>>> print(open('data07.pdb').read())   # PDB, C-alpha atoms and all ligand atoms
ATOM      1  CA  MET A   1      25.613   8.136  -4.322
ATOM      2  CA  SER A   2      22.016   8.141  -3.135
ATOM      3  CA  LYS A   3      21.146  10.733  -0.556
ATOM      4  CA  ALA A   4      18.214   8.723   0.760
ATOM      5  CA  LEU A   5      18.701   7.522   4.320
ATOM      6  CA  ARG A   6      16.102   5.200   5.796
ATOM      7  CA  LEU A   7      15.138   5.170   9.457
ATOM      8  CA  GLY A   8      14.335   1.845  11.063
ATOM      9  CA  VAL A   9      12.718   2.265  14.469
ATOM     10  CA  ASN A  10      13.514  -0.454  17.003
ATOM     11  CA  ILE A  11      10.553  -1.013  19.321
ATOM     12  CA  ASP A  12      12.129  -3.622  21.670
ATOM     13  CA  HIS A  13      12.007  -1.354  24.684
ATOM     14  CA  VAL A  14       8.272  -0.813  24.471
ATOM     15  CA  ALA A  15       8.134  -4.530  25.222
ATOM     16  CA  THR A  16      10.736  -4.087  28.003
ATOM     17  CA  LEU A  17       8.365  -1.655  29.707
ATOM     18  CA  ARG A  18       5.381  -3.945  29.226
ATOM     19  CA  ASN A  19       7.226  -6.970  30.579
ATOM     20  CA  ALA A  20       8.512  -5.053  33.626
ATOM     21  CA  ARG A  21       4.973  -5.148  35.022
ATOM     22  CA  GLY A  22       3.700  -8.246  33.286
ATOM     23  CA  SER A  23       0.915  -6.088  31.881
ATOM     24  CA  ALA A  24      -0.674  -6.079  28.432
ATOM     25  CA  TYR A  25       0.555  -2.533  27.730
ATOM     26  CA  PRO A  26       2.364  -0.705  26.225
ATOM     27  CA  ASP A  27       1.820  -2.697  23.046
ATOM     28  CA  PRO A  28       4.861  -2.879  20.701
ATOM     29  CA  LEU A  29       2.575  -3.083  17.656
ATOM     30  CA  ARG A  30       0.845   0.142  18.664
ATOM     31  CA  ALA A  31       4.263   1.828  18.967
ATOM     32  CA  ALA A  32       5.257   0.429  15.584
ATOM     33  CA  LEU A  33       2.101   1.849  14.024
ATOM     34  CA  VAL A  34       2.842   5.276  15.547
ATOM     35  CA  ALA A  35       6.385   5.025  14.147
ATOM     36  CA  GLN A  36       4.992   4.062  10.757
ATOM     37  CA  ALA A  37       2.650   7.083  10.802
ATOM     38  CA  ALA A  38       5.565   9.318  11.865
ATOM     39  CA  GLY A  39       7.525   8.365   8.764
ATOM     40  CA  ALA A  40       9.685   5.439   9.863
ATOM     41  CA  ASP A  41      10.848   3.442   6.848
ATOM     42  CA  GLY A  42      10.889   0.175   8.734
ATOM     43  CA  ILE A  43      10.455  -1.435  12.140
ATOM     44  CA  THR A  44      13.183  -3.450  13.823
ATOM     45  CA  ALA A  45      12.536  -5.970  16.576
ATOM     46  CA  HIS A  46      14.954  -8.352  18.299
ATOM     47  CA  LEU A  47      13.547 -11.686  19.403
ATOM     48  CA  ARG A  48      16.138 -12.728  21.958
ATOM     49  CA  GLU A  49      16.649 -16.302  23.063
ATOM     50  CA  ASP A  50      15.520 -15.355  26.604
ATOM     51  CA  ARG A  51      12.476 -13.364  25.290
ATOM     52  CA  ARG A  52      13.342 -10.550  27.691
ATOM     53  CA  HIS A  53      11.473  -7.994  25.590
ATOM     54  CA  ILE A  54       9.955  -8.978  22.238
ATOM     55  CA  ARG A  55       8.036 -12.277  22.271
ATOM     56  CA  ASP A  56       7.039 -14.646  19.506
ATOM     57  CA  ALA A  57       3.486 -13.278  19.444
ATOM     58  CA  ASP A  58       4.862  -9.729  18.993
ATOM     59  CA  MET A  59       6.803 -10.798  15.893
ATOM     60  CA  ALA A  60       3.693 -12.370  14.410
ATOM     61  CA  ALA A  61       1.583  -9.288  15.205
ATOM     62  CA  LEU A  62       4.177  -6.951  13.695
ATOM     63  CA  ARG A  63       4.410  -9.044  10.543
ATOM     64  CA  GLU A  64       0.658  -9.031  10.230
ATOM     65  CA  GLY A  65      -0.056  -5.436  11.199
ATOM     66  CA  LEU A  66       2.633  -3.355   9.499
ATOM     67  CA  ALA A  67       2.621  -1.856   6.028
ATOM     68  CA  ILE A  68       6.337  -0.967   6.210
ATOM     69  CA  PRO A  69       9.175  -3.528   6.198
ATOM     70  CA  LEU A  70       9.921  -5.597   9.306
ATOM     71  CA  ASN A  71      13.566  -6.187  10.177
ATOM     72  CA  PHE A  72      13.915  -9.302  12.368
ATOM     73  CA  GLU A  73      17.000  -9.092  14.561
ATOM     74  CA  MET A  74      18.155 -12.435  15.879
ATOM     75  CA  ALA A  75      21.033 -14.667  16.859
ATOM     76  CA  ALA A  76      22.156 -17.283  14.323
ATOM     77  CA  THR A  77      20.472 -20.223  16.059
ATOM     78  CA  GLU A  78      18.351 -23.014  14.595
ATOM     79  CA  GLU A  79      15.332 -21.891  16.579
ATOM     80  CA  MET A  80      15.519 -18.340  15.224
ATOM     81  CA  GLN A  81      16.044 -19.534  11.670
ATOM     82  CA  ARG A  82      12.874 -21.609  11.947
ATOM     83  CA  ILE A  83      10.886 -18.661  13.332
ATOM     84  CA  ALA A  84      12.247 -16.274  10.694
ATOM     85  CA  LEU A  85      11.377 -18.685   7.883
ATOM     86  CA  ALA A  86       7.834 -18.939   9.251
ATOM     87  CA  THR A  87       7.515 -15.171   9.841
ATOM     88  CA  ARG A  88       8.957 -14.218   6.439
ATOM     89  CA  PRO A  89      10.132 -10.749   7.419
ATOM     90  CA  HIS A  90      11.424  -8.303   4.826
ATOM     91  CA  ALA A  91      14.860  -8.425   6.453
ATOM     92  CA  VAL A  92      16.906 -10.435   8.938
ATOM     93  CA  CYS A  93      19.800  -8.926  10.884
ATOM     94  CA  LEU A  94      22.125 -11.415  12.565
ATOM     95  CA  VAL A  95      23.554 -10.257  15.876
ATOM     96  CA  PRO A  96      25.716 -11.885  18.553
ATOM     97  CA  GLU A  97      23.798 -12.667  21.710
ATOM     98  CA  LYS A  98      24.983 -13.349  25.228
ATOM     99  CA  ARG A  99      22.539 -14.073  27.980
ATOM    100  CA  GLU A 100      24.312 -11.903  30.531
ATOM    101  CA  GLU A 101      24.621  -8.779  28.379
ATOM    102  CA  ARG A 102      22.301  -5.803  28.825
ATOM    103  CA  THR A 103      22.308  -5.054  25.109
ATOM    104  CA  THR A 104      24.144  -6.222  21.974
ATOM    105  CA  GLU A 105      27.633  -5.310  23.096
ATOM    106  CA  GLY A 106      29.814  -6.096  20.126
ATOM    107  CA  GLY A 107      29.606  -7.100  16.516
ATOM    108  CA  LEU A 108      29.245 -10.582  15.128
ATOM    109  CA  ASP A 109      32.478 -12.497  14.453
ATOM    110  CA  VAL A 110      31.623 -13.416  10.875
ATOM    111  CA  ALA A 111      35.243 -14.166   9.979
ATOM    112  CA  ALA A 112      35.517 -16.884  12.649
ATOM    113  CA  ASP A 113      32.299 -18.597  11.615
ATOM    114  CA  ASP A 114      32.047 -17.918   7.894
ATOM    115  CA  ASN A 115      31.316 -21.440   6.622
ATOM    116  CA  ARG A 116      28.508 -22.012   9.102
ATOM    117  CA  LEU A 117      27.041 -18.537   8.546
ATOM    118  CA  ALA A 118      27.114 -18.971   4.762
ATOM    119  CA  ASP A 119      25.004 -22.139   5.151
ATOM    120  CA  TYR A 120      22.846 -20.477   7.780
ATOM    121  CA  ILE A 121      21.835 -17.479   5.689
ATOM    122  CA  ALA A 122      21.283 -19.371   2.421
ATOM    123  CA  PRO A 123      17.680 -20.483   3.177
ATOM    124  CA  LEU A 124      16.814 -17.045   4.545
ATOM    125  CA  ARG A 125      18.000 -15.439   1.326
ATOM    126  CA  GLU A 126      16.170 -18.049  -0.743
ATOM    127  CA  ALA A 127      13.012 -17.152   1.193
ATOM    128  CA  GLY A 128      13.475 -13.575   0.016
ATOM    129  CA  ALA A 129      14.845 -11.952   3.174
ATOM    130  CA  ARG A 130      17.465  -9.233   2.944
ATOM    131  CA  VAL A 131      20.183 -10.516   5.275
ATOM    132  CA  SER A 132      22.500  -8.224   7.187
ATOM    133  CA  MET A 133      25.401  -8.846   9.545
ATOM    134  CA  PHE A 134      25.779  -6.619  12.599
ATOM    135  CA  ILE A 135      29.538  -6.084  12.773
ATOM    136  CA  GLY A 136      32.268  -3.734  13.899
ATOM    137  CA  HIS A 137      34.235  -1.748  11.324
ATOM    138  CA  ASP A 138      37.063  -4.328  11.174
ATOM    139  CA  PRO A 139      37.874  -4.926   7.475
ATOM    140  CA  ARG A 140      38.122  -8.698   8.118
ATOM    141  CA  GLN A 141      34.508  -8.785   9.267
ATOM    142  CA  ILE A 142      33.425  -6.694   6.288
ATOM    143  CA  GLU A 143      35.269  -8.991   3.871
ATOM    144  CA  ALA A 144      33.830 -12.108   5.521
ATOM    145  CA  SER A 145      30.304 -10.671   5.272
ATOM    146  CA  ALA A 146      30.764 -10.075   1.549
ATOM    147  CA  ARG A 147      32.288 -13.541   1.111
ATOM    148  CA  ILE A 148      29.384 -15.405   2.687
ATOM    149  CA  GLY A 149      26.862 -13.590   0.506
ATOM    150  CA  ALA A 150      25.223 -11.245   3.012
ATOM    151  CA  GLY A 151      23.931  -8.341   0.973
ATOM    152  CA  VAL A 152      24.115  -5.905   3.878
ATOM    153  CA  VAL A 153      26.287  -5.009   6.844
ATOM    154  CA  GLU A 154      25.112  -2.950   9.797
ATOM    155  CA  LEU A 155      28.018  -1.175  11.470
ATOM    156  CA  HIS A 156      27.911  -1.070  15.284
ATOM    157  CA  THR A 157      27.917   2.578  16.427
ATOM    158  CA  GLY A 158      27.710   1.783  20.152
ATOM    159  CA  HIS A 159      31.387   2.387  20.919
ATOM    160  CA  TYR A 160      31.337   5.741  19.115
ATOM    161  CA  CYS A 161      28.270   6.801  21.162
ATOM    162  CA  ASP A 162      29.794   5.599  24.449
ATOM    163  CA  LEU A 163      32.994   7.579  23.793
ATOM    164  CA  HIS A 164      30.911  10.675  23.053
ATOM    165  CA  TYR A 165      28.989  10.458  26.328
ATOM    166  CA  GLU A 166      32.169   9.705  28.277
ATOM    167  CA  GLY A 167      33.633  12.959  26.916
ATOM    168  CA  ARG A 168      36.505  11.090  25.239
ATOM    169  CA  PHE A 169      36.244  13.191  22.105
ATOM    170  CA  GLU A 170      39.604  12.404  20.522
ATOM    171  CA  GLU A 171      38.936   8.671  20.746
ATOM    172  CA  ARG A 172      35.370   9.242  19.557
ATOM    173  CA  ASP A 173      36.673  10.989  16.449
ATOM    174  CA  ILE A 174      39.114   8.158  15.746
ATOM    175  CA  GLU A 175      36.213   5.688  16.051
ATOM    176  CA  LEU A 176      34.110   7.841  13.754
ATOM    177  CA  GLU A 177      36.895   7.854  11.178
ATOM    178  CA  ALA A 178      37.090   4.053  11.369
ATOM    179  CA  LEU A 179      33.322   3.823  10.845
ATOM    180  CA  ARG A 180      33.617   6.105   7.803
ATOM    181  CA  ALA A 181      36.429   3.960   6.382
ATOM    182  CA  GLY A 182      34.456   0.789   7.111
ATOM    183  CA  ALA A 183      31.376   2.137   5.347
ATOM    184  CA  ALA A 184      33.432   3.086   2.271
ATOM    185  CA  TYR A 185      35.163  -0.300   2.220
ATOM    186  CA  ALA A 186      31.913  -2.246   2.589
ATOM    187  CA  HIS A 187      30.333  -0.208  -0.184
ATOM    188  CA  SER A 188      33.347  -0.866  -2.440
ATOM    189  CA  LEU A 189      32.751  -4.619  -1.963
ATOM    190  CA  GLY A 190      29.149  -4.233  -3.112
ATOM    191  CA  LEU A 191      27.558  -4.396   0.338
ATOM    192  CA  GLU A 192      24.683  -2.134   1.372
ATOM    193  CA  VAL A 193      25.698  -0.291   4.524
ATOM    194  CA  HIS A 194      23.511   0.298   7.577
ATOM    195  CA  ALA A 195      24.464   1.597  11.016
ATOM    196  CA  GLY A 196      23.019   1.630  14.481
ATOM    197  CA  HIS A 197      23.227   1.185  18.232
ATOM    198  CA  GLY A 198      23.152   3.858  20.882
ATOM    199  CA  LEU A 199      22.342   6.717  18.483
ATOM    200  CA  THR A 200      20.752   9.868  19.929
ATOM    201  CA  PHE A 201      19.945  13.409  18.806
ATOM    202  CA  GLU A 202      23.499  14.347  19.886
ATOM    203  CA  THR A 203      25.339  11.571  18.094
ATOM    204  CA  VAL A 204      23.317  10.884  14.964
ATOM    205  CA  THR A 205      24.540  13.669  12.672
ATOM    206  CA  PRO A 206      28.075  12.481  11.810
ATOM    207  CA  ILE A 207      26.794   8.936  11.226
ATOM    208  CA  ALA A 208      23.887  10.116   9.067
ATOM    209  CA  ALA A 209      26.349  12.178   7.046
ATOM    210  CA  ILE A 210      28.396   9.114   5.974
ATOM    211  CA  PRO A 211      27.392   8.966   2.306
ATOM    212  CA  GLU A 212      27.506   5.162   1.953
ATOM    213  CA  VAL A 213      25.123   4.592   4.865
ATOM    214  CA  ARG A 214      21.623   3.818   3.613
ATOM    215  CA  GLU A 215      19.775   2.975   6.833
ATOM    216  CA  LEU A 216      19.982   3.730  10.539
ATOM    217  CA  ASN A 217      18.320   1.553  13.170
ATOM    218  CA  ILE A 218      17.500   3.440  16.343
ATOM    219  CA  GLY A 219      15.558   2.268  19.366
ATOM    220  CA  HIS A 220      16.442   2.841  22.999
ATOM    221  CA  PHE A 221      16.869   6.606  22.735
ATOM    222  CA  LEU A 222      13.671   7.129  20.746
ATOM    223  CA  ILE A 223      11.594   5.105  23.196
ATOM    224  CA  SER A 224      13.253   6.956  26.101
ATOM    225  CA  GLU A 225      12.640  10.336  24.496
ATOM    226  CA  ALA A 226       9.020   9.370  23.922
ATOM    227  CA  VAL A 227       8.555   9.724  27.704
ATOM    228  CA  PHE A 228       9.254  13.446  27.344
ATOM    229  CA  LEU A 229       8.275  14.360  23.788
ATOM    230  CA  GLY A 230       5.948  11.579  22.710
ATOM    231  CA  LEU A 231       7.012   8.926  20.209
ATOM    232  CA  GLU A 232       5.881  10.686  17.063
ATOM    233  CA  PRO A 233       7.687  14.006  17.798
ATOM    234  CA  ALA A 234      10.833  12.092  18.828
ATOM    235  CA  ILE A 235      10.867  10.239  15.515
ATOM    236  CA  THR A 236      10.088  13.421  13.572
ATOM    237  CA  GLN A 237      12.999  15.222  15.211
ATOM    238  CA  MET A 238      15.369  12.311  14.499
ATOM    239  CA  ARG A 239      14.222  12.324  10.869
ATOM    240  CA  HIS A 240      14.919  16.081  10.619
ATOM    241  CA  LEU A 241      18.435  15.609  11.971
ATOM    242  CA  MET A 242      19.089  12.738   9.543
ATOM    243  CA  ASP A 243      17.795  14.742   6.573
ATOM    244  CA  ALA A 244      19.791  17.812   7.604
ATOM    245  CA  ALA A 245      22.973  15.699   7.887
ATOM    246  CA  ARG A 246      22.380  14.498   4.357
ATOM    247  CA  GLY A 247      22.358  18.097   3.146
TER     248      GLY A 247
HETATM  249  N1  LIG A 301      20.891  -2.292  15.417
HETATM  250  C1  LIG A 301      21.124  -3.473  16.007
HETATM  251  C2  LIG A 301      21.670  -4.580  15.177
HETATM  252  C3  LIG A 301      20.820  -3.673  17.363
HETATM  253  O1  LIG A 301      21.085  -4.862  17.949
HETATM  254  C4  LIG A 301      20.219  -2.639  18.094
HETATM  255  C5  LIG A 301      19.820  -2.849  19.515
HETATM  256  O2  LIG A 301      18.853  -3.846  19.607
HETATM  257  C6  LIG A 301      19.981  -1.423  17.422
HETATM  258  C7  LIG A 301      20.355  -1.270  16.099
HETATM  259  C8  LIG A 301      19.348  -0.276  18.125
HETATM  260  O3  LIG A 301      20.142   0.155  19.176
HETATM  261  P1  LIG A 301      19.555   1.204  20.205
HETATM  262  O4  LIG A 301      18.373   0.573  20.837
HETATM  263  O5  LIG A 301      20.694   1.418  21.142
HETATM  264  O6  LIG A 301      19.194   2.434  19.409
END
>>> encode(input="data07.pdb", output="structure tokens")
Amino acid sequence: MSKALRLGVNIDHVATLRNARGSAYPDPLRAALVAQAAGADGITAHLREDRRHIRDADMAALREGLAIPLNFEMAATEEMQRIALATRPHAVCLVPEKREERTTEGGLDVAADDNRLADYIAPLREAGARVSMFIGHDPRQIEASARIGAGVVELHTGHYCDLHYEGRFEERDIELEALRAGAAYAHSLGLEVHAGHGLTFETVTPIAAIPEVRELNIGHFLISEAVFLGLEPAITQMRHLMDAARG
């Protein structure tokens, strides 16, 4: 199995900071270019329905300004499909979205909505986008993702990270085992496996060590750590930890 593990840097929270003051800075594209120079393999941005961080103009600027792949995170709505088809990103990641949530709290229920999602992703795939489903490690969701023709699943690591920081280490290890099993199962069905949400320097190693995982998407921690280290050193350190985990 390939040892290569890509790092996608999520720059949403650069826009959160900008929007908090209604200023023109910090610019998400500038952060994305720093991430690109620091060795990120891709940039991830989530255009939410409420535009709380990334805005339409940011997506267009990222698409225009980046040399590395853009991963467009979005809810499976008609509006987002239209924007994605116009933006033509390298990749689209479908996520559940609730207005009242602070961040993407759970995985997408692909199994409950498989017919609609199969139709929904077809034009995106025809347009050349790599389509992934952001899901939990539940085998039913993995099977449904394979069935509808998504080439990729991204496994939600948020619960694992929460359990770690709550000091619930036995439960954390059970969750980690389920993520490992989910990654192996998804890979056995021919899906490419990604992972992300909540990952930090403390929690990344066991996830990066899962051999089937090909890409991690990390945002909030890297942007937070940039306050102390700077964005480039934060990304460099994350990269080192990922490479070390890969042996
Ligand atoms: N992957 C997906 C699908 C996400 O929705 C998010 C959060 O926007 C991330 C990865 C990154 O999570 P975090 O910002 O907690 O690192």
>>> residues_near_ligand(input="data07.pdb", ligand="ligand LIG 301 (chain A)", cutoff="10 Å", atoms="all atoms listed in the file", output="MDAnalysis selection string")
chainID A and resid 8:13 44:48 71:75 92:97 103:108 132:135 153:158 161 194:200 216:224
>>> atom_distance(input="data07.pdb", atom1="atom CA of A:Thr236", atom2="atom CA of A:Arg30")
17.0 Å
>>> atom_distance(input="data07.pdb", atom1="atom CA of A:Tyr25", atom2="atom CA of A:Ala84")
24.8 Å
>>> resolve_selection(input="data07.pdb", expression="the PyMOL selection byres (((chain A and resi 35) around 10) and not hetatm)", output="PDB file with C-alpha atoms, in the frame of the given file")
ATOM      1  CA  LEU A   7      15.138   5.170   9.457  1.00  0.00           C
ATOM      2  CA  GLY A   8      14.335   1.845  11.063  1.00  0.00           C
ATOM      3  CA  VAL A   9      12.718   2.265  14.469  1.00  0.00           C
ATOM      4  CA  ASN A  10      13.514  -0.454  17.003  1.00  0.00           C
ATOM      5  CA  ILE A  11      10.553  -1.013  19.321  1.00  0.00           C
ATOM      6  CA  LEU A  29       2.575  -3.083  17.656  1.00  0.00           C
ATOM      7  CA  ARG A  30       0.845   0.142  18.664  1.00  0.00           C
ATOM      8  CA  ALA A  31       4.263   1.828  18.967  1.00  0.00           C
ATOM      9  CA  ALA A  32       5.257   0.429  15.584  1.00  0.00           C
ATOM     10  CA  LEU A  33       2.101   1.849  14.024  1.00  0.00           C
ATOM     11  CA  VAL A  34       2.842   5.276  15.547  1.00  0.00           C
ATOM     12  CA  GLN A  36       4.992   4.062  10.757  1.00  0.00           C
ATOM     13  CA  ALA A  37       2.650   7.083  10.802  1.00  0.00           C
ATOM     14  CA  ALA A  38       5.565   9.318  11.865  1.00  0.00           C
ATOM     15  CA  GLY A  39       7.525   8.365   8.764  1.00  0.00           C
ATOM     16  CA  ALA A  40       9.685   5.439   9.863  1.00  0.00           C
ATOM     17  CA  ASP A  41      10.848   3.442   6.848  1.00  0.00           C
ATOM     18  CA  GLY A  42      10.889   0.175   8.734  1.00  0.00           C
ATOM     19  CA  ILE A  43      10.455  -1.435  12.140  1.00  0.00           C
ATOM     20  CA  ILE A  68       6.337  -0.967   6.210  1.00  0.00           C
ATOM     21  CA  LEU A 231       7.012   8.926  20.209  1.00  0.00           C
ATOM     22  CA  GLU A 232       5.881  10.686  17.063  1.00  0.00           C
ATOM     23  CA  PRO A 233       7.687  14.006  17.798  1.00  0.00           C
ATOM     24  CA  ALA A 234      10.833  12.092  18.828  1.00  0.00           C
ATOM     25  CA  ILE A 235      10.867  10.239  15.515  1.00  0.00           C
ATOM     26  CA  THR A 236      10.088  13.421  13.572  1.00  0.00           C
TER      27      THR A 236
END
>>> closest_residue(input="data07.pdb", among="A:Asp109, A:Glu177, A:Glu126, A:Glu171", to="A:Ile142", atoms="all atoms listed in the file")
A:Asp109
>>> atom_distance(input="data07.pdb", atom1="atom CA of A:Ala91", atom2="atom CA of A:Gly247")
27.8 Å
>>> axis_aligned_box(input="data07.pdb", around="stretch 177-184 of chain A", padding_each_side="5 Å", output="lines of an AutoDock Vina configuration file")
center_x = 34.2
center_y = 4.3
center_z = 6.8
size_x = 15.7
size_y = 17.1
size_z = 19.1
>>> residues_around(input="data07.pdb", residues="A:Asp114", least_positions_apart="6", cutoff="8 Å", atoms="all atoms listed in the file", output="compact mmCIF listing (two decimals) with C-alpha atoms, in the coordinates of the input")
# COMPACT_ATOMS: atom_id res chain seq x y z
CA ALA A 144 33.83 -12.11 5.52
CA SER A 145 30.30 -10.67 5.27
CA ILE A 148 29.38 -15.40 2.69
>>> resolve_selection(input="data07.pdb", expression="the PyMOL selection byres (((chain A and resi 152) around 6) and not hetatm)", output="short mmCIF file (atom, residue, chain, number, x, y, z; two decimals) with C-alpha atoms, in the coordinates of the input")
data_model
loop_
_atom_site.label_atom_id
_atom_site.label_comp_id
_atom_site.auth_asym_id
_atom_site.auth_seq_id
_atom_site.Cartn_x
_atom_site.Cartn_y
_atom_site.Cartn_z
CA SER A 132 22.50 -8.22 7.19
CA ALA A 150 25.22 -11.24 3.01
CA GLY A 151 23.93 -8.34 0.97
CA VAL A 153 26.29 -5.01 6.84
CA LEU A 191 27.56 -4.40 0.34
CA GLU A 192 24.68 -2.13 1.37
CA VAL A 193 25.70 -0.29 4.52
#
>>> residues_around(input="data07.pdb", residues="A:Arg140", least_positions_apart="3", cutoff="10 Å", atoms="all atoms listed in the file", output="MDAnalysis selection string")
chainID A and resid 109:112 136:137 143:146
>>> decode(input="data07.pdb", residues="stretch 51-72 of chain A", atoms="N, CA and C atoms", output="short mmCIF file (atom, residue, chain, number, x, y, z; two decimals), in the first residue's frame")
data_model
loop_
_atom_site.label_atom_id
_atom_site.label_comp_id
_atom_site.auth_asym_id
_atom_site.auth_seq_id
_atom_site.Cartn_x
_atom_site.Cartn_y
_atom_site.Cartn_z
N ARG A 51 -22.63 31.39 4.69
CA ARG A 51 -21.41 32.16 4.34
C ARG A 51 -20.73 32.71 5.59
N ARG A 52 -20.73 31.94 6.67
CA ARG A 52 -20.18 32.48 7.92
C ARG A 52 -18.67 32.67 7.85
N HIS A 53 -17.98 31.90 7.01
CA HIS A 53 -16.54 32.16 6.85
C HIS A 53 -16.19 32.37 5.37
N ILE A 54 -16.00 31.30 4.63
CA ILE A 54 -15.65 31.43 3.21
C ILE A 54 -16.85 32.01 2.44
N ARG A 55 -16.54 32.91 1.51
CA ARG A 55 -17.58 33.52 0.66
C ARG A 55 -17.36 33.10 -0.79
N ASP A 56 -18.35 33.38 -1.60
CA ASP A 56 -18.27 33.00 -3.01
C ASP A 56 -17.01 33.55 -3.68
N ALA A 57 -16.70 34.82 -3.37
CA ALA A 57 -15.52 35.44 -4.00
C ALA A 57 -14.22 34.76 -3.57
N ASP A 58 -14.20 34.21 -2.33
CA ASP A 58 -13.01 33.47 -1.87
C ASP A 58 -12.82 32.22 -2.71
N MET A 59 -13.91 31.50 -2.97
CA MET A 59 -13.81 30.27 -3.77
C MET A 59 -13.24 30.60 -5.14
N ALA A 60 -13.76 31.65 -5.74
CA ALA A 60 -13.29 32.02 -7.08
C ALA A 60 -11.81 32.40 -7.04
N ALA A 61 -11.41 33.15 -6.00
CA ALA A 61 -10.01 33.58 -5.90
C ALA A 61 -9.09 32.39 -5.67
N LEU A 62 -9.55 31.43 -4.87
CA LEU A 62 -8.73 30.24 -4.60
C LEU A 62 -8.57 29.42 -5.88
N ARG A 63 -9.65 29.28 -6.60
CA ARG A 63 -9.61 28.49 -7.85
C ARG A 63 -8.65 29.12 -8.84
N GLU A 64 -8.66 30.43 -8.85
CA GLU A 64 -7.83 31.17 -9.80
C GLU A 64 -6.36 31.21 -9.37
N GLY A 65 -6.14 31.34 -8.06
CA GLY A 65 -4.80 31.68 -7.59
C GLY A 65 -3.91 30.51 -7.18
N LEU A 66 -4.50 29.32 -7.03
CA LEU A 66 -3.72 28.20 -6.51
C LEU A 66 -3.15 27.31 -7.60
N ALA A 67 -1.95 26.78 -7.35
CA ALA A 67 -1.38 25.80 -8.26
C ALA A 67 -1.71 24.38 -7.79
N ILE A 68 -2.01 24.23 -6.49
CA ILE A 68 -2.34 22.90 -5.95
C ILE A 68 -3.86 22.70 -5.97
N PRO A 69 -4.31 21.45 -5.86
CA PRO A 69 -5.75 21.17 -5.96
C PRO A 69 -6.60 21.88 -4.90
N LEU A 70 -7.80 22.29 -5.33
CA LEU A 70 -8.78 22.89 -4.43
C LEU A 70 -9.88 21.86 -4.15
N ASN A 71 -10.13 21.65 -2.87
CA ASN A 71 -11.17 20.73 -2.41
C ASN A 71 -12.33 21.58 -1.88
N PHE A 72 -13.45 21.54 -2.56
CA PHE A 72 -14.62 22.37 -2.26
C PHE A 72 -15.55 21.57 -1.36
#
